[in-house]
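Asker: Okay, handing you the structure first.
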Amino acid sequence: MPDHFPEPPSDEEWATPPTPPAPAPVAPPPKPAAPTPEPEGFFSRLEHKAKRALGPKPVRSKLISVTILACIAALFVAGLALLIFDFCSGFFATRDSLKSLAHVAAESSREALAQGSSAELIPALNGVMEYPHVTAAAIYKADGRAFAHPTKMPDASLPAMLPAEVSPGMHIGLTGMRHYEPIMQNRLKVGTLVIEIGSSQFWPVFRLYALVALGVLILAAAAAKHLFGRFQGVISGPVAELARFAETVVKDGDFSLRAEKRNEDEVGAIADSFNSVLGEIEERDAALAQAKADLDSNVKARTTQLEKEVLERRQAEDAMKDSEHRYRNLFENNPMPMWVMDLETLDFIAVNNAAVRHYGYSHSEFRQLSLPAITKDADPLDVERAFRTSQKSFDGGEWKHKRRGGEVIEVHLTAHAIVFAGKVAKIVLANDVTERNRAQRLIAEMHQKLVDASRAAGMAEVATGVLHNVGNVLNSVNVSANVLADSVRKSKAASIRKVADLLDANKADLPAFFAAGGKGQMVPGYLATLAQQLETEQEARLAEIEQLTMNVAHIKDIVAMQQDHAKVQSVMEDFAPRVLIDEALRMTGADLQSASVKVEVVCPATLPHVTTDRHKVLQILVNLITNAHQAMAGTRPGHRTLTITVTPDGTGGAAIAIRDTGCGIAEENLTRVFNHGFTTKPTGHGFGLHGAANAATEIGGSLTGTSDGQDKGALFTLTLPFTTADAIQKAA
């Protein structure tokens, strides 16, 4: 569908000749460049000023100035290097001689200083002062006090007390050099010799070097200027000649002239390039003249072509009118409701027949309505904001519309900007989605019902798991209750009544009854034996009652854990694997003992602890031990063995393996034993192993099962993670 229904242009528009292009505006003269700011730094500013001073000068003057400046700079650097080298050589020679002098004077003064005779030290200090350039000398005692000074040329520059932190060796300052030489006696420091040399010896050398360097620089500059004055014409002559030639070409406008090439150097290359540019300019002048002649002929040909194009456009206009008629038919006869509405007011301008049939309004009634008027349960401002947009095409979304009879339908609107009757409008396609939305709402209701049913099934599964786990513990509770009942029935407490009856029968003559040789002599021994038997019975009953209490507490934990499963996270603690195994065996011990099952536990004491939920692990172990006990019901007594082995699994956890000698598992059932509801026992429910596997996953472990086949037993392995620093911290 086209973006608009075009209207043909008038004949006057076609007859109007095209407007010639406006002449290109003349570019304004370039503005003078802004002055370059001076760079920072002394040498950078000096270089900038030198370049600015040389800028307007001729090439000859620039070459002479740059050459002289380069010669002076090179000679200055060379002279400075020689001066530094000579100064360093003299300094190191003076330092070495001063060090030797200080060592000899210190050795000669050692005995006199040790004896405390300052008079004997003066000749040695006077000898030191005769050394060239020595300005001061003194000997200090070990505590830093001045002890002896020379009599020749005394100098007050040395301190009266040496600082304690001064170190032996040479010290260099602005006024000269000082050497501190320790005086040793039997490896002990008894004093210090200080000799000072002034810096005055170096100034004559500096003055001499400065005068020589200045003379050399003056002679070098004069020689460079003379030599360059004789040879500069080789460089500046061709450049000046080329500049005069360029000035002549520009002044006369004669581009047929050519510059003379004198040498095969850069200036010669410039001359070749200049000649090449002149030749190209000359060729372009000829081409421009030819282009002007061609332009006149092209204008005539273009005029003829425009007349032909006007005729073709009129024919295209007729064809477009036919196309517009066809598109109007597509709009009117489209099976989907469509309308054209004003962009500003959202009033209906035109509607197709499908919209009239679907909404029930006639064409005239539609043109008296607007989009907000037929929109239900929506603010008119919201409708206007949704459709008054500058987007060319957009999805208007779903709305509720009112039919003529009051029925409400749901429609999905798609809008597209067009030009209709000379103004910007929107053509809108309305897709009735009432039935689709009704079906989606029905599907959503059915989905919610399925979710509720699934939730109920999950709750039933949880309840089944609770009943299964509680049932396993209730077996042990039942055994404990039977043991207590048998113990009460077989109790020796009835024998107390016999003793009481015997005493009652002889109460008339109890002294004779307990006299020597009487029957009463056996009563104390009998009572002692009876008391011992009653204590044994009481201990056994207390043990059974304690086991019964533990089983009841485990039932409570199972129920509480299942009740809080959806809102409380398991408590992870660290336990020794043997502790968990022993607790599970205490819960199932009565069943195993009554079935004559031999239990073997192999658990090294050096194994690390595991981080787990105690109640979930007990639930898993009790399930596995109970299943093993039930699997060995058909095995001959004496061959019923339950082996529990704990080893590292190689991946940072403990593997608890429970092996029985029971009926085993068929190969086709190995992949199904953990499925919910699957069981091979006639009275089983198929919830135990499924719940145990889920519990193992919840505590970060895993549960696997293997079997060698029927009547070959089964092996179930529970893996639990070892305790780590992070796990302990989380548990804390």
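Chains: A, B, ... in order of the structure tokens. Residues: from 1 per chain. Ligands: from 1, in order shown.
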Env of Leu715 in chain A: 12 Å cut, atoms = only C-alpha atoms, seq-sep filter 2 positions within chain, self excluded. Answer as a PyMOL selection string.

Answerer: chain A and resi 624-625+627-628+631+642-645+655-665+670+703-709+712-713+717-718

Asker: Quick check for you: according to DSSP on this backbone, which residues of range 251-440 of chain A are classed as strand (DSSP E)? Reply as an MDAnalysis selection string.

Answerer: chainID A and resid 338:342 348:351 375:376 393:402 408:420 423:432

Asker: Considering only C-alpha atoms, can you say which of A:His629, A:Lys498, A:Lys141, A:His416 comes closest to Gly116 in chain A?

Answerer: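 Comparing A:His629, A:Lys498, A:Lys141, A:His416 against Gly116 in chain A, the winner is A:Lys141.
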
Asker: Using DSSP on the backbone coordinates, identify all residues within range 179-375 of chain A classified as helix (DSSP H, G or I); present the result as number ranges by chain.

Answerer: A: 199-231, 233-252, 266-332, 353-359, 363-367, 371-374

Asker: Please measure the separation of CA of Val66 in chain A and CA of Thr248 in chain A, giving the value in Å to one decimal.

Answerer: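 Interatomic distance, CA of Val66 in chain A to CA of Thr248 in chain A: 29.8 Å.
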
Asker: Need to verify the contact set: Leu101 in chain A, 8 Å, only C-alpha atoms, exclusion of same-chain residues closer than 4 positions in sequence. Can you return it as a short mmCIF file (atom, residue, chain, number, x, y, z; two decimals) with C-alpha atoms, in the first residue's frame?

Answerer:
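Saved result, result35.cif, follows:
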data_model
loop_
_atom_site.label_atom_id
_atom_site.label_comp_id
_atom_site.auth_asym_id
_atom_site.auth_seq_id
_atom_site.Cartn_x
_atom_site.Cartn_y
_atom_site.Cartn_z
CA SER A 97 97.87 13.22 46.99
CA ALA A 105 101.18 12.51 58.72
CA VAL A 128 101.66 19.40 56.20
#

Asker: Nearest to Asn352 in chain A among A:Gly253, A:Pro337, A:Gly198, A:Gly653, with distances taken over only C-alpha atoms: which residue is it?

Answerer: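 Nearest candidate to Asn352 in chain A out of A:Gly253, A:Pro337, A:Gly198, A:Gly653: A:Pro337.
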
Asker: Report as a short mmCIF file (atom, residue, chain, number, x, y, z; two decimals) with N, CA and C atoms, in the first residue's frame all protein, DNA and RNA residues lying within 10 Å of Val610 in chain A, evaluated on only C-alpha atoms, omitting residues in the same chain fewer than 3 positions from it.

Answerer:
data_model
loop_
_atom_site.label_atom_id
_atom_site.label_comp_id
_atom_site.auth_asym_id
_atom_site.auth_seq_id
_atom_site.Cartn_x
_atom_site.Cartn_y
_atom_site.Cartn_z
N MET A 572 24.25 -26.01 58.37
CA MET A 572 25.43 -26.81 58.00
C MET A 572 26.43 -26.75 59.13
N GLU A 573 26.83 -27.94 59.63
CA GLU A 573 27.82 -28.04 60.69
C GLU A 573 28.87 -29.05 60.27
N ASP A 574 29.99 -29.06 61.02
CA ASP A 574 31.03 -30.04 60.68
C ASP A 574 31.01 -31.16 61.72
N PHE A 575 31.05 -32.42 61.23
CA PHE A 575 31.00 -33.61 62.07
C PHE A 575 32.07 -34.58 61.59
N ALA A 576 32.51 -35.43 62.51
CA ALA A 576 33.35 -36.57 62.12
C ALA A 576 32.44 -37.61 61.48
N PRO A 577 32.82 -38.20 60.35
CA PRO A 577 31.94 -39.19 59.70
C PRO A 577 31.58 -40.34 60.63
N LEU A 607 40.57 -39.13 59.11
CA LEU A 607 39.78 -38.45 58.07
C LEU A 607 39.32 -37.08 58.57
N ASP A 613 24.34 -31.23 56.97
CA ASP A 613 23.16 -31.12 57.84
C ASP A 613 22.99 -32.46 58.55
N GLY A 652 37.72 -34.00 47.07
CA GLY A 652 37.54 -33.09 48.19
C GLY A 652 36.38 -33.45 49.07
N GLY A 653 36.01 -34.74 49.19
CA GLY A 653 34.90 -35.15 50.02
C GLY A 653 35.11 -36.54 50.57
N ALA A 654 34.18 -36.97 51.43
CA ALA A 654 34.23 -38.30 52.03
C ALA A 654 33.16 -39.17 51.37
N THR A 719 28.34 -39.38 49.19
CA THR A 719 29.51 -38.49 49.24
C THR A 719 29.10 -37.20 49.95
N LEU A 720 29.97 -36.75 50.85
CA LEU A 720 29.76 -35.51 51.60
C LEU A 720 31.02 -34.66 51.49
N PRO A 721 30.89 -33.33 51.39
CA PRO A 721 32.08 -32.47 51.24
C PRO A 721 32.84 -32.36 52.56
N PHE A 722 34.18 -32.41 52.45
CA PHE A 722 35.02 -32.20 53.62
C PHE A 722 34.86 -30.77 54.12
N THR A 723 35.18 -30.57 55.39
CA THR A 723 35.12 -29.23 55.98
C THR A 723 36.24 -28.37 55.44
N THR A 724 35.89 -27.16 54.96
CA THR A 724 36.89 -26.19 54.51
C THR A 724 36.77 -24.94 55.37
N ALA A 727 33.55 -23.22 54.67
CA ALA A 727 32.40 -23.91 55.24
C ALA A 727 32.32 -23.69 56.74
N ILE A 728 33.45 -23.72 57.41
CA ILE A 728 33.44 -23.48 58.85
C ILE A 728 32.96 -22.08 59.15
#

Asker: Have a look at CA of Ala373 in chain A and CA of Asn333 in chain A and let me know their distance in Å, one decimal.

Answerer: 24.8 Å

Asker: In Å, how far is it from CA of Ala106 in chain A to CA of Ala160 in chain A?

Answerer: 18.9 Å

Asker: Need the shell around range 525-538 of chain A: protein/DNA/RNA residues with any atom at most 8 Å away, counting only C-alpha atoms. Skip same-chain ones fewer than 2 positions apart. Format as a list in words?

Answerer: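 The contact residues come out as Ser487, Ser491, Lys492, Ala493, Ser495, Met522, Val523, Ala540, Arg541 and Leu542 of chain A.
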
Asker: Applying 10 Å and only C-alpha atoms, which residues near Ala102 in chain A remain after dropping the ones on its own chain fewer than 2 positions away? List them as a PDB file with N, CA and C atoms, in the first residue's frame.

Answerer:
ATOM      1  N   ASP A  96      93.961  12.254  45.643  1.00  0.00           N
ATOM      2  CA  ASP A  96      94.840  11.132  45.955  1.00  0.00           C
ATOM      3  C   ASP A  96      96.081  11.598  46.714  1.00  0.00           C
ATOM      4  N   SER A  97      96.660  12.735  46.299  1.00  0.00           N
ATOM      5  CA  SER A  97      97.866  13.222  46.995  1.00  0.00           C
ATOM      6  C   SER A  97      97.527  13.662  48.413  1.00  0.00           C
ATOM      7  N   LEU A  98      96.331  14.276  48.591  1.00  0.00           N
ATOM      8  CA  LEU A  98      95.931  14.685  49.937  1.00  0.00           C
ATOM      9  C   LEU A  98      95.701  13.461  50.823  1.00  0.00           C
ATOM     10  N   LYS A  99      95.152  12.410  50.266  1.00  0.00           N
ATOM     11  CA  LYS A  99      94.925  11.192  51.035  1.00  0.00           C
ATOM     12  C   LYS A  99      96.251  10.579  51.466  1.00  0.00           C
ATOM     13  N   SER A 100      97.230  10.539  50.548  1.00  0.00           N
ATOM     14  CA  SER A 100      98.546   9.985  50.893  1.00  0.00           C
ATOM     15  C   SER A 100      99.223  10.839  51.955  1.00  0.00           C
ATOM     16  N   VAL A 104     100.381   9.568  55.763  1.00  0.00           N
ATOM     17  CA  VAL A 104     101.766   9.632  56.266  1.00  0.00           C
ATOM     18  C   VAL A 104     101.820  10.487  57.527  1.00  0.00           C
ATOM     19  N   ALA A 105     101.146  11.641  57.542  1.00  0.00           N
ATOM     20  CA  ALA A 105     101.178  12.509  58.718  1.00  0.00           C
ATOM     21  C   ALA A 105     100.516  11.842  59.912  1.00  0.00           C
ATOM     22  N   ALA A 106      99.429  11.072  59.682  1.00  0.00           N
ATOM     23  CA  ALA A 106      98.771  10.382  60.788  1.00  0.00           C
ATOM     24  C   ALA A 106      99.664   9.317  61.390  1.00  0.00           C
ATOM     25  N   GLU A 107     100.424   8.567  60.548  1.00  0.00           N
ATOM     26  CA  GLU A 107     101.324   7.537  61.055  1.00  0.00           C
ATOM     27  C   GLU A 107     102.447   8.156  61.882  1.00  0.00           C
ATOM     28  N   SER A 108     102.952   9.311  61.416  1.00  0.00           N
ATOM     29  CA  SER A 108     104.054   9.953  62.152  1.00  0.00           C
ATOM     30  C   SER A 108     103.590  10.612  63.441  1.00  0.00           C
ATOM     31  N   VAL A 128     102.878  19.533  57.023  1.00  0.00           N
ATOM     32  CA  VAL A 128     101.663  19.401  56.203  1.00  0.00           C
ATOM     33  C   VAL A 128     101.287  20.729  55.582  1.00  0.00           C
ATOM     34  N   ALA A 137      95.215  22.733  58.971  1.00  0.00           N
ATOM     35  CA  ALA A 137      95.486  21.381  59.448  1.00  0.00           C
ATOM     36  C   ALA A 137      95.358  21.396  60.954  1.00  0.00           C
ATOM     37  N   GLY A 169      87.541  10.093  55.821  1.00  0.00           N
ATOM     38  CA  GLY A 169      87.592  10.196  54.378  1.00  0.00           C
ATOM     39  C   GLY A 169      87.492  11.628  53.903  1.00  0.00           C
ATOM     40  N   HIS A 179      89.982  16.430  54.510  1.00  0.00           N
ATOM     41  CA  HIS A 179      90.212  15.003  54.657  1.00  0.00           C
ATOM     42  C   HIS A 179      90.352  14.683  56.142  1.00  0.00           C
ATOM     43  N   TYR A 180      89.535  13.717  56.609  1.00  0.00           N
ATOM     44  CA  TYR A 180      89.556  13.288  57.999  1.00  0.00           C
ATOM     45  C   TYR A 180      90.247  11.928  58.039  1.00  0.00           C
ATOM     46  N   GLU A 181      91.449  11.871  58.652  1.00  0.00           N
ATOM     47  CA  GLU A 181      92.241  10.636  58.720  1.00  0.00           C
ATOM     48  C   GLU A 181      92.294  10.185  60.176  1.00  0.00           C
ATOM     49  N   PRO A 182      91.716   9.015  60.503  1.00  0.00           N
ATOM     50  CA  PRO A 182      91.765   8.528  61.885  1.00  0.00           C
ATOM     51  C   PRO A 182      93.191   8.086  62.250  1.00  0.00           C
ATOM     52  N   ILE A 183      93.613   8.345  63.476  1.00  0.00           N
ATOM     53  CA  ILE A 183      94.924   7.933  64.008  1.00  0.00           C
ATOM     54  C   ILE A 183      94.661   6.761  64.939  1.00  0.00           C
ATOM     55  N   LEU A 193      93.268  13.339  62.280  1.00  0.00           N
ATOM     56  CA  LEU A 193      94.019  14.379  61.591  1.00  0.00           C
ATOM     57  C   LEU A 193      93.111  14.983  60.522  1.00  0.00           C
ATOM     58  N   VAL A 194      92.949  16.326  60.527  1.00  0.00           N
ATOM     59  CA  VAL A 194      92.102  17.029  59.564  1.00  0.00           C
ATOM     60  C   VAL A 194      92.985  17.958  58.738  1.00  0.00           C
ATOM     61  N   ILE A 195      92.919  17.811  57.385  1.00  0.00           N
ATOM     62  CA  ILE A 195      93.673  18.651  56.448  1.00  0.00           C
ATOM     63  C   ILE A 195      92.675  19.267  55.489  1.00  0.00           C
TER      64      ILE A 195
END

Asker: Could you check the closest approach to Ala595 in chain A for each of A:Gly701, A:His554, A:Thr67, A:Val479 and tell me which residue wins, using only C-alpha atoms?

Answerer: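 Selected residue with least distance to Ala595 in chain A: A:Val479.
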
Asker: Which residue, A:Val622, A:Ala221, A:Ala453, A:Met550, has the smallest gap to Ser65 in chain A when you use only C-alpha atoms?

Answerer: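 Comparing A:Val622, A:Ala221, A:Ala453, A:Met550 against Ser65 in chain A, the winner is A:Ala221.
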